[in-house]
Structure formats: structure tokens, C-alpha cells
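Raw my_file_11.pdb, PDB, C-alpha atoms:
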ATOM      1  CA  MET Y 248       9.229  50.610 -17.400
ATOM      2  CA  THR Y 249       7.584  48.938 -20.359
ATOM      3  CA  LYS Y 250       8.629  45.636 -18.972
ATOM      4  CA  ASP Y 251       6.809  46.412 -15.738
ATOM      5  CA  THR Y 252       3.576  47.304 -17.508
ATOM      6  CA  ASN Y 253       3.768  44.100 -19.490
ATOM      7  CA  SER Y 254       4.224  42.063 -16.392
ATOM      8  CA  THR Y 255       1.243  43.753 -14.728
ATOM      9  CA  HIS Y 256      -0.905  43.023 -17.753
ATOM     10  CA  HIS Y 257       0.326  39.492 -17.817
ATOM     11  CA  ASN Y 258      -0.435  39.217 -14.126
ATOM     12  CA  GLU Y 259      -3.945  40.536 -14.566
ATOM     13  CA  PHE Y 260      -4.568  38.184 -17.433
ATOM     14  CA  GLU Y 261      -3.503  35.233 -15.326
ATOM     15  CA  LYS Y 262      -5.564  36.403 -12.387
ATOM     16  CA  ALA Y 263      -8.628  36.664 -14.615
ATOM     17  CA  GLU Y 264      -7.882  33.184 -15.893
ATOM     18  CA  HIS Y 265      -7.635  31.798 -12.364
ATOM     19  CA  LYS Y 266     -10.887  33.514 -11.486
ATOM     20  CA  ASP Y 267     -12.556  31.902 -14.475
ATOM     21  CA  GLU Y 268     -11.333  28.471 -13.438
ATOM     22  CA  MET Y 269     -12.497  29.125  -9.891
ATOM     23  CA  LYS Y 270     -15.960  29.965 -11.218
ATOM     24  CA  HIS Y 271     -16.124  26.620 -13.004
ATOM     25  CA  GLN Y 272     -15.032  24.890  -9.839
ATOM     26  CA  VAL Y 273     -17.725  26.583  -7.776
ATOM     27  CA  ILE Y 274     -20.315  25.543 -10.374
ATOM     28  CA  SER Y 275     -19.082  21.951 -10.259
ATOM     29  CA  PHE Y 276     -19.269  22.092  -6.464
ATOM     30  CA  ALA Y 277     -22.907  23.168  -6.720
ATOM     31  CA  MET Y 278     -23.559  20.270  -9.108
ATOM     32  CA  MET Y 279     -21.880  17.835  -6.709
ATOM     33  CA  ILE Y 280     -24.067  19.076  -3.853
ATOM     34  CA  ILE Y 281     -27.158  18.615  -6.008
ATOM     35  CA  PHE Y 282     -26.129  15.078  -6.992
ATOM     36  CA  THR Y 283     -25.487  14.210  -3.363
ATOM     37  CA  ILE Y 284     -28.836  15.548  -2.204
ATOM     38  CA  ALA Y 285     -30.554  13.729  -5.075
ATOM     39  CA  ALA Y 286     -28.893  10.425  -4.122
ATOM     40  CA  PHE Y 287     -29.867  10.773  -0.453
ATOM     41  CA  ALA Y 288     -33.399  11.893  -1.367
ATOM     42  CA  VAL Y 289     -33.948   8.920  -3.673
ATOM     43  CA  VAL Y 290     -32.992   6.513  -0.900
ATOM     44  CA  ALA Y 291     -34.712   8.343   1.966
ATOM     45  CA  THR Y 292     -38.053   8.738   0.193
ATOM     46  CA  ASP Y 293     -37.894   5.364  -1.586
ATOM     47  CA  ALA Y 294     -39.522   7.153  -4.516
ATOM     48  CA  ILE Y 295     -38.554   4.913  -7.416
ATOM     49  CA  GLY Y 296     -38.497   1.383  -6.066
ATOM     50  CA  LYS Y 297     -35.702  -0.908  -5.002
ATOM     51  CA  TYR Y 298     -34.457  -2.038  -8.400
ATOM     52  CA  PHE Y 299     -34.018   1.406  -9.919
ATOM     53  CA  THR Y 300     -32.595   3.061  -6.816
ATOM     54  CA  ILE Y 301     -29.226   1.313  -6.812
ATOM     55  CA  PRO Y 302     -28.284   1.941 -10.470
ATOM     56  CA  ILE Y 303     -29.385   5.561 -10.142
ATOM     57  CA  ILE Y 304     -27.355   6.323  -7.001
ATOM     58  CA  LEU Y 305     -24.322   4.602  -8.555
ATOM     59  CA  LEU Y 306     -24.735   6.752 -11.658
ATOM     60  CA  LEU Y 307     -25.024   9.902  -9.518
ATOM     61  CA  ALA Y 308     -21.829   8.917  -7.679
ATOM     62  CA  LEU Y 309     -20.020   8.324 -10.964
ATOM     63  CA  VAL Y 310     -20.995  11.706 -12.404
ATOM     64  CA  GLN Y 311     -20.017  13.428  -9.182
ATOM     65  CA  VAL Y 312     -16.614  11.741  -9.186
ATOM     66  CA  ILE Y 313     -16.047  12.817 -12.793
ATOM     67  CA  PHE Y 314     -16.661  16.424 -11.703
ATOM     68  CA  GLN Y 315     -14.268  15.965  -8.818
ATOM     69  CA  LEU Y 316     -11.537  14.470 -11.013
ATOM     70  CA  TYR Y 317     -11.861  16.828 -13.971
ATOM     71  CA  TYR Y 318     -12.531  20.137 -12.222
ATOM     72  CA  PHE Y 319     -11.210  19.853  -8.669
ATOM     73  CA  MET Y 320      -8.206  17.707  -9.555
ATOM     74  CA  HIS Y 321      -7.675  19.541 -12.874
ATOM     75  CA  LEU Y 322      -7.705  16.429 -15.044
ATOM     76  CA  LYS Y 323      -9.331  18.546 -17.776
ATOM     77  CA  ASN Y 324      -6.296  20.855 -17.958
ATOM     78  CA  LYS Y 325      -3.416  20.512 -20.368
ATOM     79  CA  GLY Y 326      -0.496  18.310 -19.400
ATOM     80  CA  HIS Y 327      -2.639  15.693 -17.688
ATOM     81  CA  GLU Y 328      -2.128  12.831 -20.136
ATOM     82  CA  MET Y 329       0.014  10.799 -17.748
ATOM     83  CA  PRO Y 330      -2.299  11.367 -14.747
ATOM     84  CA  ALA Y 331      -5.253  10.308 -16.898
ATOM     85  CA  LEU Y 332      -3.406   7.151 -17.899
ATOM     86  CA  MET Y 333      -2.566   6.387 -14.267
ATOM     87  CA  ILE Y 334      -6.044   6.954 -12.927
ATOM     88  CA  TYR Y 335      -7.840   5.152 -15.748
ATOM     89  CA  GLY Y 336      -5.359   2.281 -15.434
ATOM     90  CA  GLY Y 337      -6.207   2.222 -11.734
ATOM     91  CA  ILE Y 338      -9.941   2.316 -12.444
ATOM     92  CA  ALA Y 339      -9.661  -0.549 -14.952
ATOM     93  CA  VAL Y 340      -7.841  -2.765 -12.457
ATOM     94  CA  ALA Y 341     -10.208  -1.609  -9.704
ATOM     95  CA  PHE Y 342     -13.173  -2.708 -11.789
ATOM     96  CA  MET Y 343     -11.699  -6.168 -12.307
ATOM     97  CA  THR Y 344     -10.780  -6.396  -8.632
ATOM     98  CA  ILE Y 345     -14.367  -5.689  -7.564
ATOM     99  CA  LEU Y 346     -15.675  -8.140 -10.142
ATOM    100  CA  THR Y 347     -13.322 -10.868  -8.946
ATOM    101  CA  PHE Y 348     -13.971 -10.276  -5.269
ATOM    102  CA  THR Y 349     -17.736 -10.279  -5.615
ATOM    103  CA  THR Y 350     -17.929 -13.309  -7.920
ATOM    104  CA  ILE Y 351     -15.075 -15.694  -7.166
ATOM    105  CA  ILE Y 352     -13.203 -14.922  -3.980
ATOM    106  CA  TRP Y 353     -15.732 -14.108  -1.242
ATOM    107  CA  TRP Y 354     -18.654 -16.257  -2.200
TER     108      TRP Y 354
ATOM    109  CA  MET A 964      20.470  34.271 -10.658
ATOM    110  CA  SER A 965      20.953  32.179  -7.562
ATOM    111  CA  ASN A 966      18.925  29.128  -6.766
ATOM    112  CA  GLU A 967      17.146  31.140  -4.100
ATOM    113  CA  ASP A 968      15.917  33.720  -6.675
ATOM    114  CA  ILE A 969      14.689  31.039  -9.038
ATOM    115  CA  LEU A 970      12.632  29.459  -6.294
ATOM    116  CA  ASN A 971      11.208  32.808  -5.142
ATOM    117  CA  PRO A 972       9.760  34.572  -8.172
ATOM    118  CA  LYS A 973       7.869  37.871  -7.801
ATOM    119  CA  GLN A 974       4.817  36.241  -9.253
ATOM    120  CA  MET A 975       3.936  32.597  -9.583
ATOM    121  CA  PRO A 976       4.412  30.992 -12.989
ATOM    122  CA  ARG A 977       1.370  29.576 -14.727
ATOM    123  CA  GLU A 978       1.571  26.207 -12.994
ATOM    124  CA  PRO A 979       3.667  26.681  -9.851
ATOM    125  CA  GLU A 980       3.283  23.006  -8.967
ATOM    126  CA  LYS A 981       5.060  21.977 -12.170
ATOM    127  CA  ALA A 982       7.590  24.781 -12.549
ATOM    128  CA  THR A 983      10.533  22.757 -11.252
ATOM    129  CA  LEU A 984      11.718  19.288 -12.178
ATOM    130  CA  GLU A 985      11.090  18.192  -8.613
ATOM    131  CA  GLY A 986       7.532  19.494  -8.871
ATOM    132  CA  LYS A 987       6.965  17.667 -12.157
ATOM    133  CA  ASN A 988       8.262  14.446 -10.652
ATOM    134  CA  LYS A 989       6.079  14.818  -7.591
ATOM    135  CA  PHE A 990       3.060  15.454  -9.790
ATOM    136  CA  ILE A 991       3.540  12.350 -11.960
ATOM    137  CA  GLY A 992       4.583  10.188  -9.031
ATOM    138  CA  PHE A 993       1.600  11.211  -6.993
ATOM    139  CA  TRP A 994      -0.896  10.384  -9.724
ATOM    140  CA  PHE A 995       0.812   7.012 -10.052
ATOM    141  CA  PHE A 996       0.228   6.531  -6.341
ATOM    142  CA  LEU A 997      -3.430   7.545  -6.705
ATOM    143  CA  GLY A 998      -3.868   4.910  -9.417
ATOM    144  CA  GLY A 999      -2.585   2.333  -6.944
ATOM    145  CA  GLU A1000      -4.796   3.676  -4.163
ATOM    146  CA  THR A1001      -7.799   3.253  -6.433
ATOM    147  CA  VAL A1002      -7.061  -0.465  -6.703
ATOM    148  CA  LEU A1003      -6.413  -0.760  -2.985
ATOM    149  CA  PHE A1004      -9.767   0.768  -2.125
ATOM    150  CA  ALA A1005     -11.407  -1.339  -4.836
ATOM    151  CA  SER A1006     -10.251  -4.481  -3.034
ATOM    152  CA  LEU A1007     -11.850  -3.228   0.178
ATOM    153  CA  PHE A1008     -15.044  -2.240  -1.658
ATOM    154  CA  GLY A1009     -15.145  -5.651  -3.352
ATOM    155  CA  THR A1010     -14.777  -7.394  -0.013
ATOM    156  CA  PHE A1011     -17.503  -5.271   1.546
ATOM    157  CA  LEU A1012     -19.887  -5.832  -1.366
ATOM    158  CA  ALA A1013     -19.409  -9.586  -1.176
ATOM    159  CA  LEU A1014     -19.788  -9.802   2.605
ATOM    160  CA  ARG A1015     -22.365  -7.124   3.339
ATOM    161  CA  ASN A1016     -25.180  -9.603   3.930
ATOM    162  CA  SER A1017     -23.109 -11.912   6.161
ATOM    163  CA  THR A1018     -24.342 -10.599   9.476
ATOM    164  CA  ALA A1019     -23.924 -13.793  11.531
ATOM    165  CA  GLY A1020     -27.250 -13.111  13.285
ATOM    166  CA  GLY A1021     -26.198  -9.582  14.257
ATOM    167  CA  PRO A1022     -27.719  -6.319  13.040
ATOM    168  CA  GLY A1023     -27.714  -5.740   9.292
ATOM    169  CA  THR A1024     -26.945  -2.600   7.370
ATOM    170  CA  GLU A1025     -30.577  -1.501   7.102
ATOM    171  CA  GLU A1026     -30.990  -1.605  10.858
ATOM    172  CA  LEU A1027     -27.623  -0.017  11.671
ATOM    173  CA  PHE A1028     -27.255   2.907   9.337
ATOM    174  CA  GLY A1029     -28.918   6.262   9.756
ATOM    175  CA  LEU A1030     -28.759   8.683   6.873
ATOM    176  CA  GLU A1031     -28.730  11.950   8.843
ATOM    177  CA  LEU A1032     -25.201  11.768  10.221
ATOM    178  CA  VAL A1033     -23.836  10.379   6.958
ATOM    179  CA  PHE A1034     -25.419  13.257   5.071
ATOM    180  CA  ILE A1035     -23.840  15.820   7.377
ATOM    181  CA  MET A1036     -20.452  14.105   7.125
ATOM    182  CA  THR A1037     -20.755  14.024   3.337
ATOM    183  CA  MET A1038     -21.482  17.742   3.208
ATOM    184  CA  LEU A1039     -18.527  18.468   5.499
ATOM    185  CA  LEU A1040     -16.094  16.503   3.357
ATOM    186  CA  LEU A1041     -17.493  17.850   0.094
ATOM    187  CA  THR A1042     -17.184  21.416   1.365
ATOM    188  CA  SER A1043     -13.637  20.754   2.561
ATOM    189  CA  SER A1044     -12.837  19.681  -0.978
ATOM    190  CA  LEU A1045     -14.028  23.077  -2.230
ATOM    191  CA  THR A1046     -12.075  24.959   0.435
ATOM    192  CA  SER A1047      -8.871  23.215  -0.617
ATOM    193  CA  VAL A1048      -9.657  24.285  -4.187
ATOM    194  CA  TYR A1049      -9.833  27.855  -2.844
ATOM    195  CA  ALA A1050      -6.461  27.345  -1.179
ATOM    196  CA  MET A1051      -4.939  26.288  -4.512
ATOM    197  CA  TYR A1052      -6.579  29.288  -6.197
ATOM    198  CA  HIS A1053      -4.762  31.595  -3.802
ATOM    199  CA  MET A1054      -1.556  29.628  -4.259
ATOM    200  CA  LYS A1055      -1.666  30.324  -7.987
ATOM    201  CA  ASN A1056      -2.171  34.019  -7.234
ATOM    202  CA  ASN A1057       0.807  33.878  -4.852
ATOM    203  CA  ASP A1058      -1.311  34.889  -1.854
ATOM    204  CA  PHE A1059       0.235  32.839   0.930
ATOM    205  CA  GLY A1060      -1.903  34.271   3.759
ATOM    206  CA  LYS A1061      -5.217  33.448   2.147
ATOM    207  CA  MET A1062      -3.960  30.024   1.127
ATOM    208  CA  GLN A1063      -3.118  29.264   4.763
ATOM    209  CA  VAL A1064      -6.553  30.457   5.881
ATOM    210  CA  TRP A1065      -8.373  28.194   3.413
ATOM    211  CA  LEU A1066      -6.149  25.252   4.277
ATOM    212  CA  GLY A1067      -7.051  25.931   7.901
ATOM    213  CA  VAL A1068     -10.754  25.805   7.027
ATOM    214  CA  THR A1069     -10.135  22.539   5.171
ATOM    215  CA  VAL A1070      -8.466  21.050   8.229
ATOM    216  CA  ALA A1071     -11.320  22.192  10.489
ATOM    217  CA  LEU A1072     -13.916  20.575   8.220
ATOM    218  CA  GLY A1073     -11.824  17.400   8.017
ATOM    219  CA  LEU A1074     -11.637  17.275  11.819
ATOM    220  CA  ALA A1075     -15.405  17.684  12.068
ATOM    221  CA  PHE A1076     -15.790  14.794   9.628
ATOM    222  CA  LEU A1077     -13.484  12.595  11.703
ATOM    223  CA  GLY A1078     -15.426  13.517  14.833
ATOM    224  CA  GLY A1079     -18.622  12.385  13.134
ATOM    225  CA  GLU A1080     -17.030   9.102  12.149
ATOM    226  CA  LEU A1081     -15.751   8.427  15.668
ATOM    227  CA  TYR A1082     -19.208   9.189  17.066
ATOM    228  CA  GLU A1083     -20.756   6.827  14.532
ATOM    229  CA  PHE A1084     -18.388   3.929  15.305
ATOM    230  CA  ASN A1085     -18.847   4.505  19.014
ATOM    231  CA  HIS A1086     -22.612   4.449  18.521
ATOM    232  CA  TYR A1087     -22.514   1.139  16.629
ATOM    233  CA  ILE A1088     -20.260  -0.483  19.182
ATOM    234  CA  HIS A1089     -22.188   0.584  22.270
ATOM    235  CA  GLU A1090     -25.793   0.668  21.040
ATOM    236  CA  TYR A1091     -25.727  -2.343  18.743
ATOM    237  CA  GLU A1092     -22.611  -4.203  19.947
ATOM    238  CA  PHE A1093     -21.582  -4.168  16.323
ATOM    239  CA  THR A1094     -17.799  -4.509  16.324
ATOM    240  CA  PHE A1095     -14.984  -5.571  14.036
ATOM    241  CA  ARG A1096     -15.395  -9.123  15.309
ATOM    242  CA  SER A1097     -19.210  -9.345  15.195
ATOM    243  CA  SER A1098     -19.527 -10.666  11.673
ATOM    244  CA  ALA A1099     -18.016 -10.636   8.208
ATOM    245  CA  LEU A1100     -20.089  -7.486   7.647
ATOM    246  CA  GLY A1101     -18.481  -5.909  10.721
ATOM    247  CA  SER A1102     -14.954  -6.759   9.605
ATOM    248  CA  SER A1103     -15.416  -5.520   6.057
ATOM    249  CA  PHE A1104     -17.334  -2.410   7.128
ATOM    250  CA  TYR A1105     -14.802  -1.257   9.718
ATOM    251  CA  THR A1106     -11.890  -2.095   7.430
ATOM    252  CA  LEU A1107     -13.257  -0.103   4.494
ATOM    253  CA  VAL A1108     -14.656   2.893   6.350
ATOM    254  CA  GLY A1109     -11.863   2.877   8.926
ATOM    255  CA  PHE A1110      -9.232   2.790   6.214
ATOM    256  CA  HIS A1111     -10.836   5.827   4.643
ATOM    257  CA  GLY A1112     -10.936   7.521   8.049
ATOM    258  CA  GLY A1113      -7.245   6.722   8.420
ATOM    259  CA  HIS A1114      -6.642   8.446   5.110
ATOM    260  CA  VAL A1115      -8.524  11.492   6.367
ATOM    261  CA  LEU A1116      -6.398  11.560   9.518
ATOM    262  CA  PHE A1117      -3.209  11.199   7.493
ATOM    263  CA  GLY A1118      -4.314  13.961   5.119
ATOM    264  CA  LEU A1119      -5.022  16.273   8.065
ATOM    265  CA  LEU A1120      -1.618  15.628   9.605
ATOM    266  CA  TRP A1121      -0.020  16.158   6.208
ATOM    267  CA  ILE A1122      -1.705  19.516   5.587
ATOM    268  CA  VAL A1123      -1.071  20.748   9.134
ATOM    269  CA  THR A1124       2.595  19.758   8.854
ATOM    270  CA  LEU A1125       2.946  21.706   5.600
ATOM    271  CA  MET A1126       1.185  24.722   7.092
ATOM    272  CA  VAL A1127       3.368  24.777  10.200
ATOM    273  CA  ARG A1128       6.612  24.025   8.405
ATOM    274  CA  ASN A1129       6.109  26.777   5.841
ATOM    275  CA  ALA A1130       4.387  29.334   8.089
ATOM    276  CA  LYS A1131       7.436  31.620   8.245
ATOM    277  CA  ARG A1132       8.970  30.569   4.974
ATOM    278  CA  GLY A1133       6.081  31.704   2.783
ATOM    279  CA  LEU A1134       5.167  30.355  -0.596
ATOM    280  CA  ASN A1135       7.820  29.524  -3.170
ATOM    281  CA  LEU A1136       8.432  27.130  -6.023
ATOM    282  CA  TYR A1137      10.005  24.644  -3.635
ATOM    283  CA  ASN A1138       6.907  24.147  -1.498
ATOM    284  CA  ALA A1139       4.150  24.980  -4.025
ATOM    285  CA  PRO A1140       4.203  21.389  -5.405
ATOM    286  CA  LYS A1141       3.962  20.072  -1.848
ATOM    287  CA  PHE A1142       0.796  22.056  -1.178
ATOM    288  CA  TYR A1143      -0.657  21.128  -4.548
ATOM    289  CA  ILE A1144      -0.107  17.422  -3.993
ATOM    290  CA  ALA A1145      -1.571  17.515  -0.505
ATOM    291  CA  SER A1146      -4.690  19.079  -2.015
ATOM    292  CA  LEU A1147      -4.839  16.354  -4.688
ATOM    293  CA  TYR A1148      -4.721  13.779  -1.907
ATOM    294  CA  TRP A1149      -7.542  15.562  -0.131
ATOM    295  CA  HIS A1150      -9.706  15.506  -3.261
ATOM    296  CA  PHE A1151      -8.971  11.830  -3.686
ATOM    297  CA  ILE A1152     -10.209  11.181  -0.147
ATOM    298  CA  ASP A1153     -13.441  12.866  -1.149
ATOM    299  CA  VAL A1154     -13.670  10.736  -4.312
ATOM    300  CA  VAL A1155     -13.414   7.599  -2.175
ATOM    301  CA  TRP A1156     -16.017   8.944   0.245
ATOM    302  CA  VAL A1157     -18.495   9.499  -2.607
ATOM    303  CA  PHE A1158     -18.373   5.764  -3.263
ATOM    304  CA  ILE A1159     -18.492   4.929   0.446
ATOM    305  CA  PHE A1160     -21.661   6.929   1.087
ATOM    306  CA  THR A1161     -23.208   5.477  -2.056
ATOM    307  CA  VAL A1162     -22.123   1.847  -1.849
ATOM    308  CA  VAL A1163     -21.956   1.365   1.924
ATOM    309  CA  TYR A1164     -24.613   3.630   3.387
ATOM    310  CA  LEU A1165     -27.176   4.327   0.668
ATOM    311  CA  MET A1166     -27.068   0.814  -0.816
ATOM    312  CA  GLY A1167     -27.005  -0.576   2.722
ATOM    313  CA  LYS A1168     -30.170   1.345   3.490
ATOM    314  CA  VAL A1169     -31.867   0.101   0.332
ATOM    315  CA  GLY A1170     -30.919  -3.440   1.265
TER     316      GLY A1170
END
Could I get this structure in the form of C-alpha cells?
Amino acid sequence: MTKDTNSTHHNEFEKAEHKDEMKHQVISFAMMIIFTIAAFAVVATDAIGKYFTIPIILLLALVQVIFQLYYFMHLKNKGHEMPALMIYGGIAVAFMTILTFTTIIWW
Amino acid sequence: MSNEDILNPKQMPREPEKATLEGKNKFIGFWFFLGGETVLFASLFGTFLALRNSTAGGPGTEELFGLELVFIMTMLLLTSSLTSVYAMYHMKNNDFGKMQVWLGVTVALGLAFLGGELYEFNHYIHEYEFTFRSSALGSSFYTLVGFHGGHVLFGLLWIVTLMVRNAKRGLNLYNAPKFYIASLYWHFIDVVWVFIFTVVYLMGKVG
């Protein structure tokens, strides 16, 4: 009997925890939508000139991807040290790949 | 306790995707794969960036791209990312029915995205005669965006297969990691798309 009550409490605690995480994810979704609209608006209205537009939309994309990785893909949660290593390793090599391709290979 | 009981708990453990050794292995292995995918897409992005002005006298990116359809497609894919988050939320609460519903919504949004992409390619080919063979821009554009579209198609088939295969079986610790990893893949597709709409379409429109 006591065991059952405990398990219900435990269950409710976990459910509340999941709900809390879901709330954060919905907020990050809203942020991602805002970043997307901002990026499209900057380009469509040509509000800030050619030279500033590209760095700003790249920055918006970067921030949005960080939200996606940390909240949607749970990289912020415990036990994600290995995944972080893998993805940052991938990003480091990706960066060098893009650098090489745009400067040496396809000129 | 038989193996069957262990795999079918009354309530899901804290992290159902990592409750078994197989789940843990899938989790680590899949992130390893995503690291590799990042580099693979980077090579396609690098190629596109280097060749995006090589139009060989054909239409350039500024002339080709329209932002309306890309915006709609972006919203569809972004929303499908959220719906797969909802599916995982219900997985953690051991609510198989709702998880299936949200996965279904994810698949529908993914299909709509693919439809938009097919329409777009068709439009370029028939209105502008802009094909894979038109120019270096054409080759790199269709390779990059098409490869992403291929990933979307694969992700859809993957999720549908999981949904059909487990429809009668319900949720347990054997298939929870499978669902979780499919949703990770789906998020990764969205991550790649964020860079595609920024680097290919928005930067292409800026010139």
C-alpha cells in the first residue's frame, strides 16, 4: 500500500518534471520562430544593407541551432558529455571543411 | 523477473531511451553518426558556397529564389520539430497513443515540406530550365538541397516504419530508444535546414 502511494508520488513528480521541460521546449520553439522571421524580414526588407545582412542572418541561424541542439535534442541534460564531444568534434571538422572548400579546392 | 517484464515496466524510467544497454549504445552511436553527418553536410555547404556564383550564363540565385515558399517550408519543418518533441514528451509519460498521434503529425508536416521542395525543383526546371547540369551552381544547389530532401524522405520512412511496426506492440524499453533516436534524426534534419535556408536561400537573395 505504502509502496503504491510512493510510486504515485514519484510518478507525479516525474510528470511535473516532464511538463517543465516541455514548457522550456515550447519557449525555445517560440524563440526559433522569432529568429526565423527576423532573418527572413532582414533579407526581404533589405533594412540594414548588404554587408551587415549576411553576418546577422548567420548569427540568427547559429543561435537558433543552439536552441535546437540544447533544448530539442536535450544536449543541456545530464549524461550528454559524449554527444557533446561528438557534435562539437563534427562542427570543428565541418568548419575546416568549409574553409578548405571555399579557399583552396573550388576556386 | 523475466526479460519481458523488465522491458515492459508499469511506468517509464526517467530516461527510457537509455534504460537498457542497447539503448545506451544506440544513443552514443547515433550521436557519433550525427557528428559525421555534420561533416558530410559541411562538404556540400562548402562546395555550394564556393560555386554559387558560377552560373555559366544561366539564372543566378537572386533571380531564381523566392522567399515565400521557402518561408512556408521552413515553418513546416520547424513545427514538425516541435511535434516530435511532443511525441517524446508523451513517450516519457508512457502514453503510447498520444505519442503515435504526434509522430503522425510530424510525418504529415514532413510530407508537406517534401511536397514544397518537389514543387520548387519542378518550378526551377520548367520555368527557368535550371537543372543539375545547367551550371556549377545547379550541380551544387541540387546536390545540397536534394541531399537534405533525401534525408527528410528517409526520416519519414523511418518514423512510419517504427509507427507501423510497433502499432500493436505498444511502448516498451525495447522500442523506446528507437523512437527517441528517430526523433533526434528529425531534429538534426531541421538543424541542417536552418543553415540551408540561411546560406542557400537568404544569402542567395542578398547576392
Point to revise | Evaluate the ChimeraX specification (/Y :<8) & /A and report residues as a ChimeraX atom specification | key: /A:974,977,991,994-995,997-1006,1008-1010,1012-1014,1030,1034,1038,1041,1044-1045,1048-1049,1052,1055-1056,1147,1150,1154,1157-1158,1161-1162,1165-1166,1168-1169
Around all the atoms of stretch 282-295 of chain Y listed in the file, draw an axis-aligned box and extend it by 4 Å on each of the six sides; I want its centre and edge lengths in Å to one decimal, as lines of an AutoDock Vina configuration file.
center_x = -32.5
center_y = 10.2
center_z = -2.7
size_x = 22.0
size_y = 18.6
size_z = 17.4
**Study point:** Picked residues, the PyMOL selection byres ((chain A and resi 1076) around 10), expected as a VMD selection string
**Key:** chain A and resid 1032 to 1033 1035 to 1040 1043 1070 to 1075 1077 to 1082 1112 1115 to 1116
Exercise for review: Do a neighbour search on A:Trp1156 at 8 Å with all atoms listed in the file, toss out local chain neighbours closer than 4 positions, and write the hits as a list of chain:residue names.
Suggested key: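 Result of the neighbour search: A:Thr1037, A:His1111, A:Ile1152, A:Phe1160.
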**Study point:** Hits from the PyMOL selection byres ((chain A and resi 966-970) around 12), listed as a ChimeraX atom specification
**Key:** /A:964-965,971-976,979-980,982-986,1132-1140
Check your understanding: Just how far from atom CA of A:Tyr1091 is atom CA of A:Pro1022, in Å to one decimal?
Key ->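 Interatomic distance, atom CA of A:Pro1022 to atom CA of A:Tyr1091: 7.2 Å.
The space between atom CA of Y:Met278 and atom CA of A:Thr1042 spans 12.3 Å.
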Review point. Taking (-14.7, -3.3, 10.4) in the file's coordinates as the center, which residues reach within 12 Å of it, counting all atoms listed in the file, put as a PyMOL selection string?
Key: chain A and resi 1007+1010-1011+1014-1015+1084+1087-1088+1093-1112
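Relative to atom CA of Y:Lys325, atom CA of A:Val1123 is found at 29.6 Å.
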